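A quick write-up on the structure given underneath.
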Amino acid sequence: MADIVTFTINPSIDMSTSVDRVAPIKKLRGAAAHRDPGGGGINVARVAIRFGADVKALCAAGGVTGELLRRLIERDGIPNVVIHVSEETRESFTVFENATGYEYRFVLPGPQLREEEWRQCLGALADPEDNPRFVVASGSLSPGAPSDFYAHAARIARKRGAKFLLDTSGPPLASALEEGVFLIKPNLRELRELMGVPLDDERAWVDACRRLTEAGRAEVVALTLGDRGALLVVRDQAWRAPALPIKPLSAVGAGDSFLGAMVWGLAQGRSIDDAFRYGVAAGSAALLSSGTGLCRRDDVERLYPDVVLQRI
């Protein structure tokens, strides 16, 4: 029985490689490709299990790529439940350009789900054999899934007594917030889109997050700000964590690393602000890994003491 269940309706096989220089038309000779199981919830599980968390990954997968995804998840030692769908699981590509240090990311849309397939996914989340304390839903929706899919998932988690953590954007995020969730982890672009206003400074960021908590739409908002750090807001308190001085190798999976370490901290019984510190350390540590490697625990533990929280 897993303490943390992650939920990924639109997973991917994440392939990364590098080339000397990106150029049109000509063949680009890349380094040996590396493949990892991907999609927000799966990445959260990959991070949480590195910390020793009791975690299970639920995901939808189909076709030859879906079978490869399952094998990659098991390679990483993650207990899993795969809901089989008729169309192929998507692939995503990250290409690092050696000459410039630029990173090119190609993200594909995913399979078209039939109604019975996305309902099967919700059914798996409601499985009485699991009794998680935390459910983490992360990533985009597959085509065919309704925009209120995560609202349904939040309702199932609440009925089971689990805290629901969500990392998504657009209408699926807005719909889930109408249902009410424990924690959301938007970035600044996603928060601006949600609130419909520019949010040009820290005061505006805090006020926007607090409006969500005071309305009961989310108990906790963890706002990631890239090279400006991160912000944590609960109803009556707020903290700012400045960014750590790190030269990034790759930004892929920084947000998933953040959420994976934070939910691990919460499952350990740490306070919300201490779990947030681990999240910031993990998001920063992910910048030290190439491709889709996510954070390494030893890097997180090394950076954690450097994360300073400032009360706002």
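Chain labels follow the order of the structure tokens: the first chain is A, the next B, and so on; residue numbering restarts at 1 in every chain, and ligands are counted from 1 in their shown order.
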Would you kindly return, as a list in words, each protein, DNA or RNA residue with an atom no farther than 7 Å from any atom of A:Pro132, considering only C-alpha atoms and excluding same-chain residues fewer than 4 positions away?
Ala2, Asp3, Ile4, Val5 and Ala162 of chain A
Restricted to N, CA and C atoms, what would the selected residues look like written as a tab-separated table (two decimals), in the first residue's frame?
```
chain	number	residue	atom	x	y	z
A	2	ALA	N	0.87	2.04	-1.07
A	2	ALA	CA	1.77	3.17	-1.21
A	2	ALA	C	1.29	4.37	-0.41
A	3	ASP	N	2.24	5.11	0.15
A	3	ASP	CA	1.95	6.34	0.87
A	3	ASP	C	1.69	7.49	-0.09
A	4	ILE	N	2.39	7.46	-1.23
A	4	ILE	CA	2.26	8.48	-2.28
A	4	ILE	C	1.88	7.78	-3.57
A	5	VAL	N	0.84	8.26	-4.23
A	5	VAL	CA	0.47	7.77	-5.55
A	5	VAL	C	0.60	8.93	-6.53
A	162	ALA	N	-7.15	11.52	1.01
A	162	ALA	CA	-5.79	11.84	0.57
A	162	ALA	C	-5.67	13.32	0.22
```
All residues 12 Å or closer to A:Trp239, only C-alpha atoms, same chain fewer than 5 positions away omitted, as number ranges by chain:
A: 202-203, 205-206, 209-210, 220-223, 229-234, 272-274, 276-277, 280, 307-312
Could you tell me which of A:Lys159, A:Ser284, A:Ser147, A:Ala61 comes closest to A:Pro245 if we count only C-alpha atoms?
A:Ser284
Closest pair table for stretch 269-300 of chain A residues within 12 Å of stretch 99-109 of chain A, only C-alpha atoms, as CSV:
```
residue,atom,partner,partner_atom,distance
A:Ser290,CA,A:Glu103,CA,10.2
A:Gly291,CA,A:Glu103,CA,9.1
A:Thr292,CA,A:Arg105,CA,10.9
```
Mind checking which residues fall within 12 Å of stretch 169-181 of chain A, counting only C-alpha atoms, ignoring those fewer than 6 positions away in the same chain, and posting them as an MDAnalysis selection string?
chainID A and resid 134:142 145:158 161:163 187:196 211:221
Counting only C-alpha atoms, which of A:Asp306, A:Asp256, A:Asp167, A:Asp200 gets nearest to A:Ile184?
A:Asp167
What's around A:Ala60 at 12 Å? Count only C-alpha atoms, leave out sequence neighbours fewer than 4 positions away in its own chain, and write the answer as a PyMOL selection string.
chain A and resi 6-12+38-39+41-42+65-67+69-70+80-90+110-114+117-125+141-142+145
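The shortest atom-to-atom distance to A:Ala254, with only C-alpha atoms taken into account, belongs to A:Val44 out of A:Leu68, A:Val55, A:Ala208, A:Val44.
Take atom CA of A:Ile49 and atom CA of A:Asp76: the distance between them is 8.8 Å.
Within the 10 Å cut-off around A:Leu287, using only C-alpha atoms and omitting residues fewer than 6 positions from it on the same chain, the listed residues are Ile246, Lys247, Pro248, Leu249, Ser250, Ala251, Val252, Gly253, Ala254, Ser257, Gly293, Leu294 and Cys295 of chain A.
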For the structure I just gave you, how does DSSP split stretch 19-112 of chain A - specifically, which residues are alpha helix (DSSP H)? Reply as a compact mmCIF listing (two decimals) with N, CA and C atoms, in the first residue's frame.
```txt
# COMPACT_ATOMS: atom_id res chain seq x y z
N GLY A 40 4.83 14.31 -16.06
CA GLY A 40 4.99 14.92 -14.75
C GLY A 40 4.92 13.97 -13.57
N GLY A 41 3.85 13.19 -13.48
CA GLY A 41 3.68 12.31 -12.33
C GLY A 41 4.75 11.24 -12.24
N ILE A 42 5.14 10.70 -13.39
CA ILE A 42 6.21 9.68 -13.39
C ILE A 42 7.52 10.30 -12.91
N ASN A 43 7.82 11.51 -13.36
CA ASN A 43 9.04 12.17 -12.89
C ASN A 43 8.99 12.42 -11.38
N VAL A 44 7.83 12.81 -10.88
CA VAL A 44 7.69 13.00 -9.43
C VAL A 44 7.99 11.69 -8.70
N ALA A 45 7.48 10.58 -9.23
CA ALA A 45 7.75 9.27 -8.62
C ALA A 45 9.23 8.92 -8.70
N ARG A 46 9.88 9.23 -9.82
CA ARG A 46 11.31 8.94 -9.97
C ARG A 46 12.12 9.67 -8.90
N VAL A 47 11.73 10.91 -8.62
CA VAL A 47 12.45 11.67 -7.59
C VAL A 47 12.13 11.15 -6.20
N ALA A 48 10.85 10.95 -5.91
CA ALA A 48 10.44 10.54 -4.56
C ALA A 48 11.09 9.22 -4.17
N ILE A 49 11.19 8.29 -5.13
CA ILE A 49 11.76 6.98 -4.78
C ILE A 49 13.26 7.08 -4.52
N ARG A 50 13.93 8.07 -5.10
CA ARG A 50 15.35 8.28 -4.80
C ARG A 50 15.56 8.69 -3.35
N GLY A 63 0.53 0.79 -26.96
CA GLY A 63 1.38 0.47 -28.10
C GLY A 63 2.78 0.05 -27.71
N VAL A 64 3.65 0.01 -28.73
CA VAL A 64 5.04 -0.39 -28.51
C VAL A 64 5.75 0.59 -27.57
N THR A 65 5.49 1.87 -27.76
CA THR A 65 6.13 2.86 -26.88
C THR A 65 5.60 2.75 -25.45
N GLY A 66 4.33 2.37 -25.32
CA GLY A 66 3.78 2.17 -23.98
C GLY A 66 4.44 1.03 -23.25
N GLU A 67 4.75 -0.05 -23.97
CA GLU A 67 5.45 -1.17 -23.35
C GLU A 67 6.86 -0.77 -22.95
N LEU A 68 7.53 0.02 -23.80
CA LEU A 68 8.86 0.51 -23.44
C LEU A 68 8.78 1.40 -22.21
N LEU A 69 7.76 2.24 -22.14
CA LEU A 69 7.58 3.09 -20.97
C LEU A 69 7.48 2.25 -19.70
N ARG A 70 6.66 1.20 -19.74
CA ARG A 70 6.51 0.34 -18.56
C ARG A 70 7.85 -0.26 -18.15
N ARG A 71 8.63 -0.71 -19.13
CA ARG A 71 9.93 -1.30 -18.83
C ARG A 71 10.88 -0.28 -18.21
N LEU A 72 10.82 0.96 -18.70
CA LEU A 72 11.69 2.00 -18.16
C LEU A 72 11.28 2.36 -16.73
N ILE A 73 9.98 2.39 -16.46
CA ILE A 73 9.51 2.65 -15.10
C ILE A 73 10.02 1.56 -14.16
N GLU A 74 9.93 0.32 -14.61
CA GLU A 74 10.38 -0.79 -13.77
C GLU A 74 11.90 -0.80 -13.63
N ARG A 75 12.61 -0.36 -14.68
CA ARG A 75 14.06 -0.22 -14.58
C ARG A 75 14.44 0.70 -13.42
```
Would you please give, as an NGL selection string, all residues of stretch 158-299 of chain A that DSSP assigns to strand (DSSP E or B) based on the backbone?
:A and (163-167 or 181-184 or 187 or 218-224 or 230-234 or 237-241)
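Using only C-alpha atoms, the smallest distance between any of A:Tyr304, A:Asp207, A:Gln268, A:Met262 and A:Ala281 comes from A:Tyr304.
Straight-line separation from atom CA of A:Leu244 to atom CA of A:Ala282: 11.0 Å.
Nearest-residue note for A:Phe93: choosing from A:Asp127, A:Asp54, A:Asp14, A:Asp227, the minimum distance belongs to A:Asp14, counting only C-alpha atoms.
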